[in-house]
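Student: For reference, the structure I am asking about is given below.
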Amino acid sequence: METTVQNKKMESGEQEARLLTVRDLTVSFSTDDGTFKAADKISFHIEKGENVGLVGESGCGKSVTALSIPRLIPSPPGNIDSGDIWFDGKDIMSMTSEQLRDIRGRAISMIFQEPLSALSPLHRIGRQMTETLLLHQDMSKKEAWQFSEQWLGKVGIPDAADRMFAYPFQLSGGMQQRIMIAMALMLEPNLIIADEPTTALDVTTQAQVFELIKAMKKKHTSMLLITHDMGVVWEMCERILVMYASNIVEFGSREDIFSNPKHPYTIGLLNAIPKLMGGRRQLKDIPGQVPSPFDYPKGCHFEKRCAFSMEKCMTEKPPFYECGNGHQAACFLLENGSGSMPLI
Ligand SMILES: Nc1ncnc2c1ncn2[C@@H]1O[C@H](COP(=O)(O)OP(=O)(O)OP(=O)(O)O)[C@@H](O)[C@H]1O
Ligand SMILES: [Mg+2]
C-alpha cells in the first residue's frame with residue numbers, strides 16, 4: 001500500500017508541467033453477451049495549452065477514453081477498472097462526486113457531436129447559459145444574463161438578445177453547435193474535450209466551427225480533439241494519439257505522425273485520406289475490419305489486418321518503441337531500431 005501512496009506523491013510532482021496525465025486506464029463494459037475492455041491500459045498526457053488529436057476507426061474506444069477523464073462513463077454498464085488520471089495536479093480517481101461536479105464544466109468542458117445531448121430541449125437558451133454560469137461563477141443573475149448574451153454574439157449568433165429566449169429546437173444544427181461551444185468556452189476551462197464536434201454539420205459549417213474554436217480558445221487552454229478527419233487533426237493539433245481496438249498504438253508530433261508514421265495502422269489511416277491523383281480521388285482502405293471487442297487478439301490487436309504480421313504478433317503484446325522526439329509506436333517491426341517503414 002505504501003508504495004502506491006509514494007508513487008502517487010511522486011506522480012503529483014510530475015504534474016506541474018502537464019495538465020493531464022492518464023496512466024494505464026482500463027475501462028470495461030458488462031453486457032448481456034459478457035464483459036469486454038473498451039480501453040485497455042491507455043496512457044497519454046496533455047501539456048498546458050497543447051492541442052492533442054485522438055484518431056482511429058469507429059468503435060476503437062476514443063469516446064470511452066475521453067469520457068473517462070471527467071469520470072463520465074455510465075456505470076453500469078461501464079466501469080473504470082484501473083488507472084490513474086491526474087488533472088492539474090489533482091487525482092481525479094479519488095475525487096468525491098461534489099469535487100467532480102465542480103471540475104466538470106468549469107475546468108474541463110466537453111463539446112459533443114450532438115448538441116442536443118448537452119442542451120436541454122425544455123429550457124430557453126438564456127436560462128441554460130445563465131444557470132451554467134451561476135453554478136460556477138460568482139455573478140448576479142443579471143450579470144450572468146448579459147455575459148451569456150455577449151458570448152452568443154462572440155460565437156456569431158445574430159440577434160443575440162432575441163436568441164436568448166429561443167428553445168434549442170428553434171435553432172439550426174450549426175447554431176446549436178455554436179451555442180454549445182459558447183457554453184463550453186465561456187467558463188474558460190483548462191481542458192476542452194471535443195468529441196467529433198462537427199460530424200453532424202455540413203462541410204461549410206464544419207470549417208466555421210473549427211475556426212471558431214481556434215479563435216475563441218485561450219492560449220493556455222488545452223484541447224483533446226477526437227475526429228475521423230485527418231485533415232482537421234493536421235489543422236488543429238500539435239500532437240496526435242492513434243488508437244486501435246482499445247489500445248493506443250502510436251503517438252507523436254503531428255509532423256512525425258504525418259511524415260514519418262511507424263505503426264502499420266497509422267500508415268493505413270494516412271493512406272485512407274482521399275488524395276487527388278490525375279484529377280481522380282484515390283483512397284486506399286485498410287483491408288479487413290476492426291475485430292469485435294469480445295474477440296480482440298491476444299497479441300497485437302492489429303495483427304489480423306497487418307501486412308507485416310509476424311508469428312510473435314499473434315501471441316505477444318508489442319511494447320512501445322521510442323522513435324525520437326517523444327514519438328513512440330507499439331510494433332515489433334521497430335524492435336531492432338528499424339528505420340522508415342515502407343508505405344503500404
Ligand atoms: N454505454 C455503452 N454500453 C456498452 N458498450 C459501449 C458503451 N459505450 C461504448 N461502448 C462500446 O465500447 C467500444 C468503444 O466505443 P467508443 O464509443 O469509445 O468508440 P469510438 O472510438 O468513440 O467510436 P466512434 O468513432 O464510432 O465514435 C465499442 O465497442 C462500443 O460499442
Ligand atoms: Mg466516439
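Each chain in the C-alpha cells gets a letter, A, B and so on, in the order shown; residues start at 1 in every chain, and ligands are counted from 1 in the order they appear.
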With only C-alpha atoms counted and 12 Å as the cut-off, give the residues of region 58-131 of chain A in contact with region 217-232 of chain A, each with its shortest interatomic distance in Å and the pair that gives it, as CSV.

Tutor:
residue,atom,partner,partner_atom,distance
A:Ser58,CA,A:His228,CA,8.3
A:Gly59,CA,A:His228,CA,11.5
A:Cys60,CA,A:His228,CA,11.5
A:Gly61,CA,A:Ile226,CA,10.7
A:Lys62,CA,A:Ile226,CA,7.0
A:Ser63,CA,A:Ile226,CA,7.8
A:Val64,CA,A:Ile226,CA,11.1
A:Thr65,CA,A:Ile226,CA,10.2
A:Ala66,CA,A:Leu224,CA,8.0
A:Leu67,CA,A:Leu224,CA,11.2
A:Ile69,CA,A:Leu224,CA,10.5
A:Phe87,CA,A:Ser222,CA,11.6
A:Asp88,CA,A:Ser222,CA,11.3
A:Ala107,CA,A:Thr221,CA,9.7
A:Ile108,CA,A:Met223,CA,9.5
A:Ser109,CA,A:Met223,CA,9.6
A:Met110,CA,A:Leu224,CA,9.5
A:Ile111,CA,A:Leu225,CA,9.4
A:Phe112,CA,A:Ile226,CA,9.7
A:Gln113,CA,A:Thr227,CA,9.9

Student: Would you mind listing what lies within 10 Å of region 97-102 of chain A as a ChimeraX atom specification, with only C-alpha atoms counted and same-chain residues fewer than 6 positions away left out?

Tutor: /A:70-72,108,135-136

Student: Now that the selection is made, can you save its residues with N, CA and C atoms as a PDB file, in the first residue's frame?

Tutor:
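So the final result, stored in part.pdb, reads:
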ATOM      1  N   PRO A  70     -13.271  13.079 -17.208  1.00  0.00           N
ATOM      2  CA  PRO A  70     -14.061  13.677 -16.107  1.00  0.00           C
ATOM      3  C   PRO A  70     -14.948  12.644 -15.398  1.00  0.00           C
ATOM      4  N   ARG A  71     -14.617  11.371 -15.541  1.00  0.00           N
ATOM      5  CA  ARG A  71     -15.344  10.241 -14.938  1.00  0.00           C
ATOM      6  C   ARG A  71     -16.826  10.240 -15.320  1.00  0.00           C
ATOM      7  N   LEU A  72     -17.072  10.332 -16.633  1.00  0.00           N
ATOM      8  CA  LEU A  72     -18.459  10.353 -17.119  1.00  0.00           C
ATOM      9  C   LEU A  72     -18.884   9.046 -17.778  1.00  0.00           C
ATOM     10  N   ILE A 108     -12.975  21.398 -16.931  1.00  0.00           N
ATOM     11  CA  ILE A 108     -12.983  20.524 -18.110  1.00  0.00           C
ATOM     12  C   ILE A 108     -14.334  20.686 -18.774  1.00  0.00           C
ATOM     13  N   LEU A 135     -23.712  28.481 -11.566  1.00  0.00           N
ATOM     14  CA  LEU A 135     -23.220  27.299 -10.858  1.00  0.00           C
ATOM     15  C   LEU A 135     -21.727  27.408 -10.568  1.00  0.00           C
ATOM     16  N   HIS A 136     -21.007  28.044 -11.483  1.00  0.00           N
ATOM     17  CA  HIS A 136     -19.551  28.025 -11.372  1.00  0.00           C
ATOM     18  C   HIS A 136     -18.919  29.387 -11.103  1.00  0.00           C
TER      19      HIS A 136
END

Student: If you run DSSP on the backbone, which residues of region 119-164 of chain A are helix (DSSP H, G or I), as an mmCIF file with N, CA and C atoms, in the first residue's frame?

Tutor:
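What follows is the written file out-v4.cif:
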data_model
loop_
_atom_site.group_PDB
_atom_site.id
_atom_site.type_symbol
_atom_site.label_atom_id
_atom_site.label_comp_id
_atom_site.auth_asym_id
_atom_site.auth_seq_id
_atom_site.Cartn_x
_atom_site.Cartn_y
_atom_site.Cartn_z
ATOM 1 N N ILE A 125 -32.481 29.020 -24.249
ATOM 2 C CA ILE A 125 -31.017 29.124 -24.298
ATOM 3 C C ILE A 125 -30.477 30.022 -23.160
ATOM 4 N N GLY A 126 -31.107 31.171 -22.983
ATOM 5 C CA GLY A 126 -30.631 32.147 -21.984
ATOM 6 C C GLY A 126 -30.612 31.535 -20.593
ATOM 7 N N ARG A 127 -31.663 30.804 -20.270
ATOM 8 C CA ARG A 127 -31.734 30.196 -18.935
ATOM 9 C C ARG A 127 -30.629 29.151 -18.755
ATOM 10 N N GLN A 128 -30.415 28.344 -19.804
ATOM 11 C CA GLN A 128 -29.408 27.280 -19.698
ATOM 12 C C GLN A 128 -28.007 27.863 -19.523
ATOM 13 N N MET A 129 -27.723 28.922 -20.292
ATOM 14 C CA MET A 129 -26.384 29.515 -20.196
ATOM 15 C C MET A 129 -26.201 30.187 -18.834
ATOM 16 N N THR A 130 -27.228 30.898 -18.407
ATOM 17 C CA THR A 130 -27.153 31.631 -17.140
ATOM 18 C C THR A 130 -26.963 30.662 -15.978
ATOM 19 N N GLU A 131 -27.710 29.553 -16.015
ATOM 20 C CA GLU A 131 -27.595 28.581 -14.908
ATOM 21 C C GLU A 131 -26.193 27.983 -14.831
ATOM 22 N N THR A 132 -25.618 27.719 -16.011
ATOM 23 C CA THR A 132 -24.242 27.182 -16.031
ATOM 24 C C THR A 132 -23.297 28.179 -15.367
ATOM 25 N N LEU A 133 -23.465 29.449 -15.710
ATOM 26 C CA LEU A 133 -22.570 30.471 -15.140
ATOM 27 C C LEU A 133 -22.755 30.602 -13.632
ATOM 28 N N LEU A 134 -24.020 30.613 -13.208
ATOM 29 C CA LEU A 134 -24.288 30.818 -11.774
ATOM 30 C C LEU A 134 -23.754 29.665 -10.931
ATOM 31 N N LEU A 135 -23.712 28.481 -11.566
ATOM 32 C CA LEU A 135 -23.220 27.299 -10.858
ATOM 33 C C LEU A 135 -21.727 27.408 -10.568
ATOM 34 N N HIS A 136 -21.007 28.044 -11.483
ATOM 35 C CA HIS A 136 -19.551 28.025 -11.372
ATOM 36 C C HIS A 136 -18.919 29.387 -11.103
ATOM 37 N N LYS A 141 -27.570 37.294 -11.245
ATOM 38 C CA LYS A 141 -28.343 36.765 -12.374
ATOM 39 C C LYS A 141 -28.245 37.692 -13.585
ATOM 40 N N LYS A 142 -28.319 39.001 -13.281
ATOM 41 C CA LYS A 142 -28.290 39.983 -14.370
ATOM 42 C C LYS A 142 -26.946 39.942 -15.101
ATOM 43 N N GLU A 143 -25.870 39.879 -14.316
ATOM 44 C CA GLU A 143 -24.532 39.812 -14.928
ATOM 45 C C GLU A 143 -24.395 38.558 -15.793
ATOM 46 N N ALA A 144 -24.905 37.429 -15.252
ATOM 47 C CA ALA A 144 -24.791 36.158 -15.977
ATOM 48 C C ALA A 144 -25.570 36.233 -17.295
ATOM 49 N N TRP A 145 -26.741 36.871 -17.258
ATOM 50 C CA TRP A 145 -27.557 37.008 -18.474
ATOM 51 C C TRP A 145 -26.801 37.842 -19.521
ATOM 52 N N GLN A 146 -26.243 38.980 -19.062
ATOM 53 C CA GLN A 146 -25.529 39.860 -20.008
ATOM 54 C C GLN A 146 -24.288 39.165 -20.577
ATOM 55 N N PHE A 147 -23.592 38.435 -19.704
ATOM 56 C CA PHE A 147 -22.375 37.729 -20.126
ATOM 57 C C PHE A 147 -22.720 36.669 -21.181
ATOM 58 N N SER A 148 -23.827 35.952 -20.942
ATOM 59 C CA SER A 148 -24.264 34.914 -21.888
ATOM 60 C C SER A 148 -24.595 35.540 -23.235
ATOM 61 N N GLU A 149 -25.306 36.658 -23.173
ATOM 62 C CA GLU A 149 -25.701 37.334 -24.415
ATOM 63 C C GLU A 149 -24.457 37.778 -25.203
ATOM 64 N N GLN A 150 -23.467 38.291 -24.478
ATOM 65 C CA GLN A 150 -22.212 38.691 -25.141
ATOM 66 C C GLN A 150 -21.567 37.491 -25.830
ATOM 67 N N TRP A 151 -21.598 36.340 -25.163
ATOM 68 C CA TRP A 151 -20.965 35.143 -25.731
ATOM 69 C C TRP A 151 -21.703 34.650 -26.966
ATOM 70 N N LEU A 152 -23.038 34.790 -26.966
ATOM 71 C CA LEU A 152 -23.784 34.412 -28.179
ATOM 72 C C LEU A 152 -23.305 35.263 -29.352
ATOM 73 N N GLY A 153 -23.085 36.543 -29.085
ATOM 74 C CA GLY A 153 -22.559 37.445 -30.117
ATOM 75 C C GLY A 153 -21.178 36.986 -30.567
ATOM 76 N N LYS A 154 -20.324 36.636 -29.584
ATOM 77 C CA LYS A 154 -18.946 36.249 -29.900
ATOM 78 C C LYS A 154 -18.881 35.024 -30.790
ATOM 79 N N ALA A 160 -28.518 38.265 -30.883
ATOM 80 C CA ALA A 160 -28.257 37.509 -29.645
ATOM 81 C C ALA A 160 -29.315 37.776 -28.563
ATOM 82 N N ALA A 161 -29.732 39.030 -28.428
ATOM 83 C CA ALA A 161 -30.681 39.362 -27.353
ATOM 84 C C ALA A 161 -31.974 38.560 -27.525
ATOM 85 N N ASP A 162 -32.431 38.422 -28.767
ATOM 86 C CA ASP A 162 -33.661 37.658 -29.022
ATOM 87 C C ASP A 162 -33.427 36.155 -28.861
ATOM 88 N N ARG A 163 -32.274 35.697 -29.354
ATOM 89 C CA ARG A 163 -31.982 34.246 -29.309
ATOM 90 C C ARG A 163 -31.887 33.724 -27.876
#

Student: If you run DSSP on this backbone, which residues of region 18-120 of chain A come out as strand (DSSP E or B), and could you give them as a short mmCIF file (atom, residue, chain, number, x, y, z; two decimals) with N, CA and C atoms, in the first residue's frame?

Tutor:
data_model
loop_
_atom_site.label_atom_id
_atom_site.label_comp_id
_atom_site.auth_asym_id
_atom_site.auth_seq_id
_atom_site.Cartn_x
_atom_site.Cartn_y
_atom_site.Cartn_z
N ARG A 18 2.45 19.38 -16.78
CA ARG A 18 1.38 18.77 -17.56
C ARG A 18 0.01 19.14 -17.01
N LEU A 19 -0.94 19.26 -17.92
CA LEU A 19 -2.29 19.50 -17.44
C LEU A 19 -2.96 18.16 -17.11
N LEU A 20 -2.72 17.18 -17.96
CA LEU A 20 -3.41 15.90 -17.78
C LEU A 20 -2.44 14.74 -17.99
N THR A 21 -2.48 13.79 -17.07
CA THR A 21 -1.74 12.54 -17.29
C THR A 21 -2.71 11.39 -17.06
N VAL A 22 -2.83 10.53 -18.05
CA VAL A 22 -3.66 9.33 -17.91
C VAL A 22 -2.69 8.16 -17.96
N ARG A 23 -2.77 7.29 -16.97
CA ARG A 23 -1.83 6.17 -16.95
C ARG A 23 -2.55 4.84 -16.76
N ASP A 24 -2.32 3.93 -17.69
CA ASP A 24 -2.84 2.56 -17.61
C ASP A 24 -4.35 2.51 -17.37
N LEU A 25 -5.07 3.36 -18.06
CA LEU A 25 -6.53 3.41 -17.90
C LEU A 25 -7.19 2.20 -18.60
N THR A 26 -7.95 1.46 -17.83
CA THR A 26 -8.69 0.33 -18.40
C THR A 26 -10.17 0.50 -18.07
N VAL A 27 -11.00 0.46 -19.12
CA VAL A 27 -12.45 0.63 -18.94
C VAL A 27 -13.15 -0.56 -19.56
N SER A 28 -14.07 -1.15 -18.82
CA SER A 28 -14.79 -2.29 -19.39
C SER A 28 -16.29 -2.05 -19.36
N PHE A 29 -16.99 -2.79 -20.20
CA PHE A 29 -18.46 -2.74 -20.22
C PHE A 29 -19.00 -4.14 -20.01
N SER A 30 -20.05 -4.23 -19.20
CA SER A 30 -20.71 -5.53 -19.00
C SER A 30 -22.01 -5.52 -19.76
N THR A 31 -22.14 -6.46 -20.69
CA THR A 31 -23.37 -6.54 -21.50
C THR A 31 -23.96 -7.94 -21.33
N GLY A 34 -21.58 -10.59 -22.26
CA GLY A 34 -20.34 -10.74 -21.49
C GLY A 34 -19.66 -9.39 -21.28
N THR A 35 -18.45 -9.45 -20.73
CA THR A 35 -17.71 -8.22 -20.43
C THR A 35 -16.57 -8.05 -21.42
N PHE A 36 -16.34 -6.80 -21.85
CA PHE A 36 -15.20 -6.55 -22.74
C PHE A 36 -14.51 -5.26 -22.32
N LYS A 37 -13.25 -5.14 -22.75
CA LYS A 37 -12.49 -3.92 -22.45
C LYS A 37 -12.59 -2.97 -23.63
N ALA A 38 -13.10 -1.78 -23.38
CA ALA A 38 -13.22 -0.78 -24.45
C ALA A 38 -11.98 0.09 -24.51
N ALA A 39 -11.27 0.20 -23.39
CA ALA A 39 -9.98 0.90 -23.35
C ALA A 39 -9.08 0.04 -22.48
N ASP A 40 -7.89 -0.29 -23.00
CA ASP A 40 -7.05 -1.25 -22.31
C ASP A 40 -5.66 -0.66 -22.07
N LYS A 41 -5.39 -0.32 -20.82
CA LYS A 41 -4.08 0.23 -20.44
C LYS A 41 -3.68 1.43 -21.28
N ILE A 42 -4.58 2.39 -21.35
CA ILE A 42 -4.32 3.61 -22.12
C ILE A 42 -3.46 4.58 -21.30
N SER A 43 -2.36 5.06 -21.88
CA SER A 43 -1.54 6.08 -21.21
C SER A 43 -1.25 7.21 -22.19
N PHE A 44 -1.44 8.43 -21.74
CA PHE A 44 -1.06 9.59 -22.55
C PHE A 44 -1.04 10.83 -21.64
N HIS A 45 -0.56 11.93 -22.17
CA HIS A 45 -0.60 13.16 -21.39
C HIS A 45 -0.93 14.34 -22.30
N ILE A 46 -1.34 15.43 -21.70
CA ILE A 46 -1.58 16.66 -22.45
C ILE A 46 -0.90 17.79 -21.69
N GLU A 47 -0.07 18.55 -22.39
CA GLU A 47 0.62 19.68 -21.76
C GLU A 47 -0.34 20.87 -21.64
N ASN A 51 -2.80 21.17 -27.97
CA ASN A 51 -3.95 20.58 -28.65
C ASN A 51 -3.56 19.19 -29.13
N VAL A 52 -4.25 18.19 -28.62
CA VAL A 52 -3.89 16.81 -28.94
C VAL A 52 -5.06 16.16 -29.69
N GLY A 53 -4.75 15.49 -30.79
CA GLY A 53 -5.78 14.81 -31.57
C GLY A 53 -5.81 13.33 -31.21
N LEU A 54 -7.02 12.76 -31.13
CA LEU A 54 -7.17 11.32 -30.88
C LEU A 54 -7.92 10.75 -32.09
N VAL A 55 -7.22 9.88 -32.84
CA VAL A 55 -7.81 9.37 -34.07
C VAL A 55 -7.87 7.84 -34.06
N GLY A 78 -20.77 0.54 -17.74
CA GLY A 78 -19.32 0.73 -17.82
C GLY A 78 -18.65 0.75 -16.46
N ASN A 79 -17.36 0.56 -16.46
CA ASN A 79 -16.60 0.65 -15.22
C ASN A 79 -15.15 0.99 -15.52
N ILE A 80 -14.60 1.96 -14.77
CA ILE A 80 -13.15 2.20 -14.88
C ILE A 80 -12.50 1.17 -13.96
N ASP A 81 -11.89 0.16 -14.56
CA ASP A 81 -11.33 -0.95 -13.77
C ASP A 81 -10.07 -0.53 -13.05
N SER A 82 -9.22 0.22 -13.75
CA SER A 82 -7.96 0.64 -13.12
C SER A 82 -7.39 1.83 -13.88
N GLY A 83 -6.37 2.41 -13.30
CA GLY A 83 -5.69 3.53 -13.95
C GLY A 83 -5.65 4.77 -13.08
N ASP A 84 -4.75 5.66 -13.45
CA ASP A 84 -4.63 6.95 -12.76
C ASP A 84 -4.97 8.06 -13.73
N ILE A 85 -5.71 9.05 -13.25
CA ILE A 85 -5.99 10.23 -14.06
C ILE A 85 -5.63 11.45 -13.21
N TRP A 86 -4.60 12.14 -13.62
CA TRP A 86 -4.16 13.34 -12.89
C TRP A 86 -4.49 14.55 -13.73
N PHE A 87 -5.24 15.48 -13.14
CA PHE A 87 -5.63 16.69 -13.86
C PHE A 87 -5.22 17.91 -13.05
N LYS A 90 -4.30 17.24 -9.64
CA LYS A 90 -5.29 16.60 -8.76
C LYS A 90 -5.61 15.19 -9.26
N ASP A 91 -5.85 14.32 -8.29
CA ASP A 91 -6.11 12.91 -8.58
C ASP A 91 -7.61 12.71 -8.83
N ILE A 108 -12.98 21.40 -16.93
CA ILE A 108 -12.98 20.52 -18.11
C ILE A 108 -14.33 20.69 -18.77
N SER A 109 -14.35 21.13 -20.03
CA SER A 109 -15.67 21.19 -20.67
C SER A 109 -15.67 20.35 -21.93
N MET A 110 -16.87 19.88 -22.26
CA MET A 110 -16.99 18.93 -23.36
C MET A 110 -17.85 19.49 -24.48
N ILE A 111 -17.42 19.26 -25.70
CA ILE A 111 -18.23 19.61 -26.87
C ILE A 111 -18.51 18.28 -27.58
#

Student: With only C-alpha atoms as the basis for distance, which of A:Thr315, A:Thr96, A:Gln206, A:Gln176 is at the shortest distance from Ser120 (chain A)?

Tutor: A:Gln176

Student: Rank A:Val155, A:Ile193, A:Leu270, A:Leu333 by their smallest atom-to-atom distance to Ile181 (chain A), using only C-alpha atoms, and report the top residue only.

Tutor: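 Going through A:Val155, A:Ile193, A:Leu270, A:Leu333 one by one, the smallest distance to Ile181 (chain A) is for A:Val155.
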
Student: In terms of the shortest atom-to-atom distance over only C-alpha atoms and all ligand atoms, which of A:Leu241, A:Ala194, A:Ala330, A:Ala272 is closest to ligand 2?

Tutor: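 Ranked by minimum distance to ligand 2, first place goes to A:Ala194.
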
Student: Could you work out how far CA of Leu122 (chain A) lies from atom 27 (O, counted along the ligand's line) of ligand 1, giving the answer in Å with one decimal?

Tutor: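 One can read the atom 27 (O, counted along the ligand's line) of ligand 1 to CA of Leu122 (chain A) distance as 26.5 Å.
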
Student: Could you check the closest approach to ligand 2 for each of A:Gly252, A:Gly268, A:Gly173, A:Pro197 and tell me which residue wins, using only C-alpha atoms and all ligand atoms?

Tutor: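 Distance minimum relative to ligand 2 lands on A:Pro197.
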
Student: Measuring atom to atom with only C-alpha atoms and all ligand atoms, identify which of A:Gly56, A:Gly337, A:Gly49, A:Pro287 is nearest to ligand 1.

Tutor: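 Residue with the minimum atom-to-atom distance to ligand 1: A:Gly56.
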
Student: Given only C-alpha atoms as the basis, pick out the residue of A:Thr198, A:Asp295, A:Pro74, A:Gly288 nearest to Asp33 (chain A).

Tutor: A:Asp295

Student: Suppose you want the space between CA of Cys323 (chain A) and CA of Arg305 (chain A); what is it in Å?

Tutor: 22.9 Å

Student: Figure out the distance between CA of Glu311 (chain A) and CA of Val242 (chain A), please, to one decimal in Å.

Tutor: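 Computed distance, CA of Val242 (chain A) to CA of Glu311 (chain A), equals 23.5 Å.
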